[in-house]
$ cat coords_6.cif   # mmCIF, C-alpha atoms
data_model
loop_
_atom_site.group_PDB
_atom_site.id
_atom_site.type_symbol
_atom_site.label_atom_id
_atom_site.label_comp_id
_atom_site.auth_asym_id
_atom_site.auth_seq_id
_atom_site.Cartn_x
_atom_site.Cartn_y
_atom_site.Cartn_z
ATOM 1 C CA PRO A 1 78.909 113.199 123.365
ATOM 2 C CA SER A 2 80.939 110.037 122.849
ATOM 3 C CA LEU A 3 84.336 109.894 121.156
ATOM 4 C CA GLN A 4 86.071 107.253 119.132
ATOM 5 C CA GLY A 5 89.854 107.434 118.806
ATOM 6 C CA ASP A 6 93.210 106.636 120.391
ATOM 7 C CA PRO A 7 93.066 107.288 124.171
ATOM 8 C CA ALA A 8 96.861 107.045 124.529
ATOM 9 C CA PRO A 9 98.818 108.978 121.871
ATOM 10 C CA TYR A 10 102.549 109.562 122.145
ATOM 11 C CA VAL A 11 104.038 112.989 122.836
ATOM 12 C CA THR A 12 103.688 115.423 119.925
ATOM 13 C CA GLN A 13 101.489 113.028 117.897
ATOM 14 C CA THR A 14 98.436 114.406 116.138
ATOM 15 C CA LYS A 15 95.363 112.190 116.371
ATOM 16 C CA THR A 16 91.783 112.536 115.193
ATOM 17 C CA TYR A 17 88.695 111.620 117.199
ATOM 18 C CA GLN A 18 85.233 111.056 115.845
ATOM 19 C CA ILE A 19 82.152 112.257 117.733
ATOM 20 C CA THR A 20 80.064 109.115 117.258
ATOM 21 C CA ASN A 21 76.729 110.663 118.217
ATOM 22 C CA TYR A 22 77.219 113.979 116.413
ATOM 23 C CA ASP A 23 74.106 116.130 115.931
ATOM 24 C CA SER A 24 74.408 118.778 113.218
ATOM 25 C CA PHE A 25 71.765 120.915 114.973
ATOM 26 C CA SER A 26 73.930 121.275 118.122
ATOM 27 C CA THR A 27 76.791 123.693 118.779
ATOM 28 C CA TYR A 28 80.178 122.106 119.535
ATOM 29 C CA ALA A 29 83.418 123.416 120.999
ATOM 30 C CA VAL A 30 86.578 121.611 122.106
ATOM 31 C CA SER A 31 89.528 122.464 124.348
ATOM 32 C CA ALA A 32 92.555 120.614 125.672
ATOM 33 C CA SER A 33 94.203 120.944 129.082
ATOM 34 C CA ALA A 34 97.572 120.277 127.400
ATOM 35 C CA GLY A 35 98.553 120.215 123.756
ATOM 36 C CA ALA A 36 96.143 121.625 121.178
ATOM 37 C CA ALA A 37 92.668 120.707 119.938
ATOM 38 C CA SER A 38 90.374 121.857 117.158
ATOM 39 C CA ILE A 39 87.032 120.707 115.785
ATOM 40 C CA SER A 40 85.556 120.529 112.309
ATOM 41 C CA GLY A 41 82.113 118.983 112.036
ATOM 42 C CA ASP A 42 82.178 115.646 113.854
ATOM 43 C CA THR A 43 86.009 115.384 113.837
ATOM 44 C CA ILE A 44 88.308 116.584 116.613
ATOM 45 C CA THR A 45 92.022 116.967 115.906
ATOM 46 C CA PHE A 46 94.287 116.735 118.961
ATOM 47 C CA THR A 47 98.038 117.321 119.050
ATOM 48 C CA ALA A 48 99.585 115.855 122.192
ATOM 49 C CA PRO A 49 101.904 118.039 124.277
ATOM 50 C CA ASN A 50 105.711 117.668 124.360
ATOM 51 C CA SER A 51 105.695 115.854 127.706
ATOM 52 C CA ALA A 52 104.058 112.632 128.862
ATOM 53 C CA GLY A 53 101.221 112.661 131.372
ATOM 54 C CA THR A 54 97.493 113.130 131.420
ATOM 55 C CA ALA A 55 95.583 115.582 129.265
ATOM 56 C CA THR A 56 91.865 116.239 129.144
ATOM 57 C CA LEU A 57 89.852 116.885 126.001
ATOM 58 C CA THR A 58 86.732 118.828 126.902
ATOM 59 C CA VAL A 59 83.941 118.669 124.355
ATOM 60 C CA THR A 60 81.168 121.181 124.944
ATOM 61 C CA VAL A 61 77.811 120.508 123.281
ATOM 62 C CA ASP A 62 75.187 123.269 123.539
ATOM 63 C CA GLY A 63 76.978 124.660 126.597
ATOM 64 C CA ALA A 64 77.341 121.317 128.438
ATOM 65 C CA PRO A 65 80.988 120.196 128.817
ATOM 66 C CA THR A 66 82.126 116.556 128.888
ATOM 67 C CA ALA A 67 85.706 115.650 129.818
ATOM 68 C CA PHE A 68 87.624 112.839 128.117
ATOM 69 C CA PRO A 69 90.928 111.759 129.729
ATOM 70 C CA ILE A 70 93.869 111.232 127.379
ATOM 71 C CA THR A 71 97.042 109.447 128.503
ATOM 72 C CA VAL A 72 100.033 110.955 126.709
ATOM 73 C CA GLN A 73 102.770 108.340 126.433
ATOM 74 C CA PRO A 74 106.474 109.170 126.440
ATOM 75 C CA ALA A 75 108.479 108.933 123.239
ATOM 76 C CA GLY A 76 110.580 105.846 122.749
ATOM 77 C CA ILE A 77 111.691 103.096 120.433
ATOM 78 C CA GLN A 78 109.185 100.385 119.496
ATOM 79 C CA ARG A 79 110.038 96.782 120.365
ATOM 80 C CA PRO A 80 111.464 95.196 117.179
ATOM 81 C CA ALA A 81 109.991 91.959 115.883
ATOM 82 C CA ASN A 82 112.106 88.870 115.257
ATOM 83 C CA VAL A 83 111.599 88.394 111.495
ATOM 84 C CA SER A 84 113.959 85.527 110.641
ATOM 85 C CA PRO A 85 114.560 82.787 111.479
ATOM 86 C CA ALA A 86 110.998 82.185 112.607
ATOM 87 C CA ALA A 87 110.195 80.511 115.935
ATOM 88 C CA GLY A 88 110.676 76.762 115.615
ATOM 89 C CA ALA A 89 112.912 77.035 112.537
ATOM 90 C CA THR A 90 115.218 74.077 111.895
ATOM 91 C CA ASN A 91 118.373 73.636 109.812
ATOM 92 C CA ILE A 92 119.475 77.220 110.372
ATOM 93 C CA GLY A 93 123.152 76.408 109.863
ATOM 94 C CA ALA A 94 126.277 76.874 111.937
ATOM 95 C CA ALA A 95 126.276 80.686 111.526
ATOM 96 C CA PRO A 96 122.600 81.705 111.326
ATOM 97 C CA SER A 97 121.583 85.099 110.035
ATOM 98 C CA LEU A 98 119.113 86.921 112.305
ATOM 99 C CA GLN A 99 116.811 89.607 110.933
ATOM 100 C CA SER A 100 114.623 92.112 112.776
ATOM 101 C CA SER A 101 111.857 94.468 111.769
ATOM 102 C CA ALA A 102 112.700 98.059 110.910
ATOM 103 C CA PHE A 103 113.700 100.642 113.509
ATOM 104 C CA THR A 104 110.555 102.483 114.628
ATOM 105 C CA PRO A 105 110.627 105.531 116.921
ATOM 106 C CA VAL A 106 107.309 106.530 118.489
ATOM 107 C CA GLY A 107 106.266 109.998 119.581
ATOM 108 C CA LEU A 108 109.322 111.797 118.237
ATOM 109 C CA THR A 109 111.696 111.242 115.348
ATOM 110 C CA ASP A 110 115.007 109.516 115.903
ATOM 111 C CA THR A 111 117.774 107.745 113.996
ATOM 112 C CA HIS A 112 118.800 104.096 114.417
ATOM 113 C CA GLN A 113 122.181 104.164 116.163
ATOM 114 C CA ALA A 114 122.850 100.526 117.111
ATOM 115 C CA SER A 115 121.333 97.094 117.772
ATOM 116 C CA ARG A 116 122.169 94.352 120.278
ATOM 117 C CA TRP A 117 121.522 90.703 119.362
ATOM 118 C CA THR A 118 121.357 88.041 122.085
ATOM 119 C CA VAL A 119 121.099 84.251 121.693
ATOM 120 C CA TYR A 120 119.777 81.970 124.457
ATOM 121 C CA GLN A 121 119.764 78.219 124.962
ATOM 122 C CA GLY A 122 117.272 76.978 127.538
ATOM 123 C CA GLY A 123 116.908 80.488 128.962
ATOM 124 C CA THR A 124 120.678 80.941 129.429
ATOM 125 C CA GLN A 125 122.491 83.570 127.377
ATOM 126 C CA VAL A 126 125.091 81.934 125.130
ATOM 127 C CA HIS A 127 125.994 84.938 122.961
ATOM 128 C CA SER A 128 125.571 88.697 122.807
ATOM 129 C CA SER A 129 126.727 90.848 119.909
ATOM 130 C CA GLY A 130 127.077 93.888 122.137
ATOM 131 C CA TRP A 131 125.826 97.174 120.699
ATOM 132 C CA ARG A 132 126.632 97.102 116.973
ATOM 133 C CA THR A 133 126.394 100.029 114.563
ATOM 134 C CA ASP A 134 127.120 97.760 111.577
ATOM 135 C CA ALA A 135 124.331 95.213 112.219
ATOM 136 C CA LEU A 136 121.202 97.322 112.592
ATOM 137 C CA THR A 137 118.477 95.004 111.247
ATOM 138 C CA SER A 138 120.446 91.841 110.463
ATOM 139 C CA TYR A 139 123.244 89.997 112.222
ATOM 140 C CA THR A 140 125.124 86.775 111.515
ATOM 141 C CA VAL A 141 125.847 84.722 114.632
ATOM 142 C CA PRO A 142 129.519 83.693 114.568
ATOM 143 C CA ALA A 143 130.228 80.037 113.772
ATOM 144 C CA GLY A 144 130.651 77.828 116.834
ATOM 145 C CA ILE A 145 127.925 79.493 118.954
ATOM 146 C CA VAL A 146 124.967 77.286 117.994
ATOM 147 C CA ALA A 147 124.972 73.501 117.733
ATOM 148 C CA ALA A 148 122.900 71.170 115.564
ATOM 149 C CA SER A 149 119.804 69.568 117.144
ATOM 150 C CA THR A 150 119.696 72.186 119.928
ATOM 151 C CA ALA A 151 116.887 74.694 120.466
ATOM 152 C CA TYR A 152 117.758 78.385 120.730
ATOM 153 C CA THR A 153 115.859 81.645 121.136
ATOM 154 C CA TRP A 154 117.038 85.149 120.321
ATOM 155 C CA THR A 155 116.220 88.764 121.025
ATOM 156 C CA VAL A 156 117.163 92.070 119.473
ATOM 157 C CA GLU A 157 117.116 95.592 120.859
ATOM 158 C CA HIS A 158 117.222 98.773 118.792
ATOM 159 C CA GLN A 159 118.897 101.927 120.092
ATOM 160 C CA GLY A 160 118.054 105.435 118.971
ATOM 161 C CA ASN A 161 120.405 108.405 118.949
ATOM 162 C CA ASN A 162 118.101 110.346 121.288
ATOM 163 C CA LEU A 163 115.255 108.139 122.562
ATOM 164 C CA GLY A 164 117.276 105.319 124.090
ATOM 165 C CA ASN A 165 116.744 101.575 123.814
ATOM 166 C CA SER A 166 113.733 99.570 122.764
ATOM 167 C CA PRO A 167 112.484 96.644 124.807
ATOM 168 C CA ALA A 168 114.091 93.361 123.642
#

$ encode --input "coords_6.cif" --output "structure tokens"
Amino acid sequence: PSLQGDPAPYVTQTKTYQITNYDSFSTYAVSASAGAASISGDTITFTAPNSAGTATLTVTVDGAPTAFPITVQPAGIQRPANVSPAAGATNIGAAPSLQSSAFTPVGLTDTHQASRWTVYQGGTQVHSSGWRTDALTSYTVPAGIVAASTAYTWTVEHQGNNLGNSPA
């Protein structure tokens, strides 16, 4: 058999896989070395285990097993996107407002605890907000940090109550 679906789910996620060459005249069974798996027609439902690592989905067709490796990723916080100002923006003012995408935990649920906003000029850090619980998805850079006609970049990190920090 051949499967179509996500080869790298996060811990505890439930994913479906399609048997792309399904034959209704054959007998199918599925098992998982970790987590849980079930089959209904040409669709396999797999729930990843609670810990990261490798799992194997074994699909047996008419008594012949085929193993499919699954990489179970650890839970974490997704890298936030820089929403505004956009790259290359001009005339952002003396105290620009930065905005990120929403807090997104992956693999497990979590709550947005804090964010850290960092401004760079030419690759050198010129300002960091520190971890802020009052500026989760938007932050106003204090006046006097950025100068007119100077290029800056910025990053943001999101922190979860349980899953730690996102990449910047």

$ residues_around --input "coords_6.cif" --residues "A:Thr150" --least-positions-apart "4" --cutoff "10 Å" --atoms "only C-alpha atoms" --output "ChimeraX atom specification"
/A:90,121-122,146

$ write_last_selection --input "coords_6.cif" --atoms "C-alpha atoms" --output "CSV table (one decimal), in the frame of the given file"
chain,number,residue,atom,x,y,z
A,90,THR,CA,115.2,74.1,111.9
A,121,GLN,CA,119.8,78.2,125.0
A,122,GLY,CA,117.3,77.0,127.5
A,146,VAL,CA,125.0,77.3,118.0

$ closest_residue --input "coords_6.cif" --among "A:Thr140, A:Ser166, A:Thr27, A:Thr124" --to "A:Pro105" --atoms "only C-alpha atoms"
A:Ser166

$ resolve_selection --input "coords_6.cif" --expression "the PyMOL selection byres ((chain A and resi 141) around 9)" --output "PyMOL selection string"
chain A and resi 94-98+117+119+127+129+139-140+142-146

$ closest_atom_pairs --input "coords_6.cif" --of "stretch 101-132 of chain A" --to "stretch 11-21 of chain A" --cutoff "10 Å" --atoms "only C-alpha atoms" --output "Markdown table"
| residue | atom | partner | partner_atom | distance |
| --- | --- | --- | --- | --- |
| A:Val106 | CA | A:Val11 | CA | 8.4 |
| A:Gly107 | CA | A:Val11 | CA | 5.0 |
| A:Leu108 | CA | A:Thr12 | CA | 6.9 |

$ resolve_selection --input "coords_6.cif" --expression "the PyMOL selection byres ((chain A and resi 9) around 6)" --output "ChimeraX atom specification"
/A:8,10,72

$ residues_around --input "coords_6.cif" --residues "A:Val59" --least-positions-apart "3" --cutoff "12 Å" --atoms "only C-alpha atoms" --output "VMD selection string"
chain A and resid 1 to 3 17 to 19 22 27 to 33 37 to 39 42 to 46 56 62 to 69

$ resolve_selection --input "coords_6.cif" --expression "the PyMOL selection byres ((chain A and resi 51) around 7)" --output "short mmCIF file (atom, residue, chain, number, x, y, z; two decimals) with C-alpha atoms, in the frame of the given file"
data_model
loop_
_atom_site.label_atom_id
_atom_site.label_comp_id
_atom_site.auth_asym_id
_atom_site.auth_seq_id
_atom_site.Cartn_x
_atom_site.Cartn_y
_atom_site.Cartn_z
CA VAL A 11 104.04 112.99 122.84
CA PRO A 49 101.90 118.04 124.28
CA ASN A 50 105.71 117.67 124.36
CA ALA A 52 104.06 112.63 128.86
CA GLY A 53 101.22 112.66 131.37
CA PRO A 74 106.47 109.17 126.44
#

$ residues_around --input "coords_6.cif" --residues "A:Gln99" --least-positions-apart "5" --cutoff "8 Å" --atoms "all atoms listed in the file" --output "ChimeraX atom specification"
/A:82-85,137-139

$ decode --input "coords_6.cif" --residues "stretch 38-71 of chain A" --atoms "N, CA and C atoms" --output "PDB file, in the first residue's frame"
ATOM      1  N   SER A  38      -6.401   3.411  13.834  1.00  0.00           N
ATOM      2  CA  SER A  38      -7.591   2.669  13.424  1.00  0.00           C
ATOM      3  C   SER A  38      -7.766   2.889  11.925  1.00  0.00           C
ATOM      4  N   ILE A  39      -8.596   2.023  11.313  1.00  0.00           N
ATOM      5  CA  ILE A  39      -8.817   2.119   9.878  1.00  0.00           C
ATOM      6  C   ILE A  39     -10.308   2.010   9.585  1.00  0.00           C
ATOM      7  N   SER A  40     -10.738   2.795   8.605  1.00  0.00           N
ATOM      8  CA  SER A  40     -12.108   2.739   8.125  1.00  0.00           C
ATOM      9  C   SER A  40     -12.047   2.961   6.617  1.00  0.00           C
ATOM     10  N   GLY A  41     -12.310   1.896   5.873  1.00  0.00           N
ATOM     11  CA  GLY A  41     -12.189   1.995   4.416  1.00  0.00           C
ATOM     12  C   GLY A  41     -10.759   2.319   4.038  1.00  0.00           C
ATOM     13  N   ASP A  42     -10.579   3.384   3.247  1.00  0.00           N
ATOM     14  CA  ASP A  42      -9.230   3.752   2.803  1.00  0.00           C
ATOM     15  C   ASP A  42      -8.585   4.815   3.695  1.00  0.00           C
ATOM     16  N   THR A  43      -9.173   5.086   4.881  1.00  0.00           N
ATOM     17  CA  THR A  43      -8.668   6.140   5.757  1.00  0.00           C
ATOM     18  C   THR A  43      -8.159   5.560   7.074  1.00  0.00           C
ATOM     19  N   ILE A  44      -6.920   5.902   7.399  1.00  0.00           N
ATOM     20  CA  ILE A  44      -6.308   5.518   8.669  1.00  0.00           C
ATOM     21  C   ILE A  44      -6.306   6.744   9.566  1.00  0.00           C
ATOM     22  N   THR A  45      -6.703   6.567  10.816  1.00  0.00           N
ATOM     23  CA  THR A  45      -6.640   7.637  11.806  1.00  0.00           C
ATOM     24  C   THR A  45      -5.562   7.251  12.809  1.00  0.00           C
ATOM     25  N   PHE A  46      -4.599   8.171  13.008  1.00  0.00           N
ATOM     26  CA  PHE A  46      -3.477   7.926  13.910  1.00  0.00           C
ATOM     27  C   PHE A  46      -3.430   9.037  14.943  1.00  0.00           C
ATOM     28  N   THR A  47      -3.364   8.659  16.217  1.00  0.00           N
ATOM     29  CA  THR A  47      -3.155   9.614  17.296  1.00  0.00           C
ATOM     30  C   THR A  47      -1.750   9.395  17.825  1.00  0.00           C
ATOM     31  N   ALA A  48      -0.918  10.440  17.708  1.00  0.00           N
ATOM     32  CA  ALA A  48       0.476  10.353  18.125  1.00  0.00           C
ATOM     33  C   ALA A  48       0.573  10.158  19.635  1.00  0.00           C
ATOM     34  N   PRO A  49       1.642   9.509  20.084  1.00  0.00           N
ATOM     35  CA  PRO A  49       1.826   9.296  21.525  1.00  0.00           C
ATOM     36  C   PRO A  49       2.146  10.607  22.246  1.00  0.00           C
ATOM     37  N   ASN A  50       2.245  10.537  23.577  1.00  0.00           N
ATOM     38  CA  ASN A  50       2.519  11.710  24.410  1.00  0.00           C
ATOM     39  C   ASN A  50       3.964  12.154  24.381  1.00  0.00           C
ATOM     40  N   SER A  51       4.867  11.347  23.827  1.00  0.00           N
ATOM     41  CA  SER A  51       6.276  11.730  23.799  1.00  0.00           C
ATOM     42  C   SER A  51       6.815  11.696  22.373  1.00  0.00           C
ATOM     43  N   ALA A  52       7.764  12.584  22.113  1.00  0.00           N
ATOM     44  CA  ALA A  52       8.373  12.684  20.786  1.00  0.00           C
ATOM     45  C   ALA A  52       9.247  11.473  20.512  1.00  0.00           C
ATOM     46  N   GLY A  53       9.462  11.203  19.235  1.00  0.00           N
ATOM     47  CA  GLY A  53      10.303  10.076  18.830  1.00  0.00           C
ATOM     48  C   GLY A  53       9.808   9.507  17.526  1.00  0.00           C
ATOM     49  N   THR A  54      10.106   8.247  17.309  1.00  0.00           N
ATOM     50  CA  THR A  54       9.701   7.585  16.082  1.00  0.00           C
ATOM     51  C   THR A  54       8.615   6.565  16.385  1.00  0.00           C
ATOM     52  N   ALA A  55       7.603   6.551  15.557  1.00  0.00           N
ATOM     53  CA  ALA A  55       6.547   5.544  15.651  1.00  0.00           C
ATOM     54  C   ALA A  55       6.456   4.876  14.281  1.00  0.00           C
ATOM     55  N   THR A  56       5.901   3.695  14.258  1.00  0.00           N
ATOM     56  CA  THR A  56       5.720   2.987  12.995  1.00  0.00           C
ATOM     57  C   THR A  56       4.252   2.625  12.839  1.00  0.00           C
ATOM     58  N   LEU A  57       3.687   3.022  11.693  1.00  0.00           N
ATOM     59  CA  LEU A  57       2.347   2.575  11.321  1.00  0.00           C
ATOM     60  C   LEU A  57       2.551   1.343  10.458  1.00  0.00           C
ATOM     61  N   THR A  58       1.937   0.251  10.824  1.00  0.00           N
ATOM     62  CA  THR A  58       2.032  -0.963  10.018  1.00  0.00           C
ATOM     63  C   THR A  58       0.670  -1.226   9.399  1.00  0.00           C
ATOM     64  N   VAL A  59       0.645  -1.204   8.075  1.00  0.00           N
ATOM     65  CA  VAL A  59      -0.582  -1.466   7.331  1.00  0.00           C
ATOM     66  C   VAL A  59      -0.447  -2.864   6.745  1.00  0.00           C
ATOM     67  N   THR A  60      -1.379  -3.725   7.082  1.00  0.00           N
ATOM     68  CA  THR A  60      -1.359  -5.098   6.593  1.00  0.00           C
ATOM     69  C   THR A  60      -2.479  -5.264   5.565  1.00  0.00           C
ATOM     70  N   VAL A  61      -2.085  -5.680   4.358  1.00  0.00           N
ATOM     71  CA  VAL A  61      -3.037  -5.892   3.270  1.00  0.00           C
ATOM     72  C   VAL A  61      -2.992  -7.370   2.893  1.00  0.00           C
ATOM     73  N   ASP A  62      -4.109  -8.064   3.066  1.00  0.00           N
ATOM     74  CA  ASP A  62      -4.195  -9.493   2.751  1.00  0.00           C
ATOM     75  C   ASP A  62      -3.051 -10.278   3.382  1.00  0.00           C
ATOM     76  N   GLY A  63      -2.728  -9.923   4.638  1.00  0.00           N
ATOM     77  CA  GLY A  63      -1.715 -10.651   5.397  1.00  0.00           C
ATOM     78  C   GLY A  63      -0.296 -10.167   5.195  1.00  0.00           C
ATOM     79  N   ALA A  64      -0.052  -9.227   4.282  1.00  0.00           N
ATOM     80  CA  ALA A  64       1.305  -8.729   4.025  1.00  0.00           C
ATOM     81  C   ALA A  64       1.483  -7.351   4.673  1.00  0.00           C
ATOM     82  N   PRO A  65       2.360  -7.257   5.697  1.00  0.00           N
ATOM     83  CA  PRO A  65       2.538  -5.976   6.391  1.00  0.00           C
ATOM     84  C   PRO A  65       3.520  -5.047   5.664  1.00  0.00           C
ATOM     85  N   THR A  66       3.242  -3.753   5.733  1.00  0.00           N
ATOM     86  CA  THR A  66       4.151  -2.715   5.247  1.00  0.00           C
ATOM     87  C   THR A  66       4.284  -1.681   6.344  1.00  0.00           C
ATOM     88  N   ALA A  67       5.532  -1.326   6.671  1.00  0.00           N
ATOM     89  CA  ALA A  67       5.796  -0.368   7.753  1.00  0.00           C
ATOM     90  C   ALA A  67       6.013   1.028   7.186  1.00  0.00           C
ATOM     91  N   PHE A  68       5.405   2.010   7.848  1.00  0.00           N
ATOM     92  CA  PHE A  68       5.567   3.420   7.483  1.00  0.00           C
ATOM     93  C   PHE A  68       6.093   4.167   8.702  1.00  0.00           C
ATOM     94  N   PRO A  69       7.321   4.731   8.607  1.00  0.00           N
ATOM     95  CA  PRO A  69       7.869   5.473   9.756  1.00  0.00           C
ATOM     96  C   PRO A  69       7.165   6.819   9.930  1.00  0.00           C
ATOM     97  N   ILE A  70       6.904   7.161  11.174  1.00  0.00           N
ATOM     98  CA  ILE A  70       6.291   8.440  11.532  1.00  0.00           C
ATOM     99  C   ILE A  70       7.219   9.107  12.547  1.00  0.00           C
ATOM    100  N   THR A  71       7.588  10.357  12.295  1.00  0.00           N
ATOM    101  CA  THR A  71       8.402  11.117  13.234  1.00  0.00           C
ATOM    102  C   THR A  71       7.472  11.965  14.082  1.00  0.00           C
TER     103      THR A  71
END
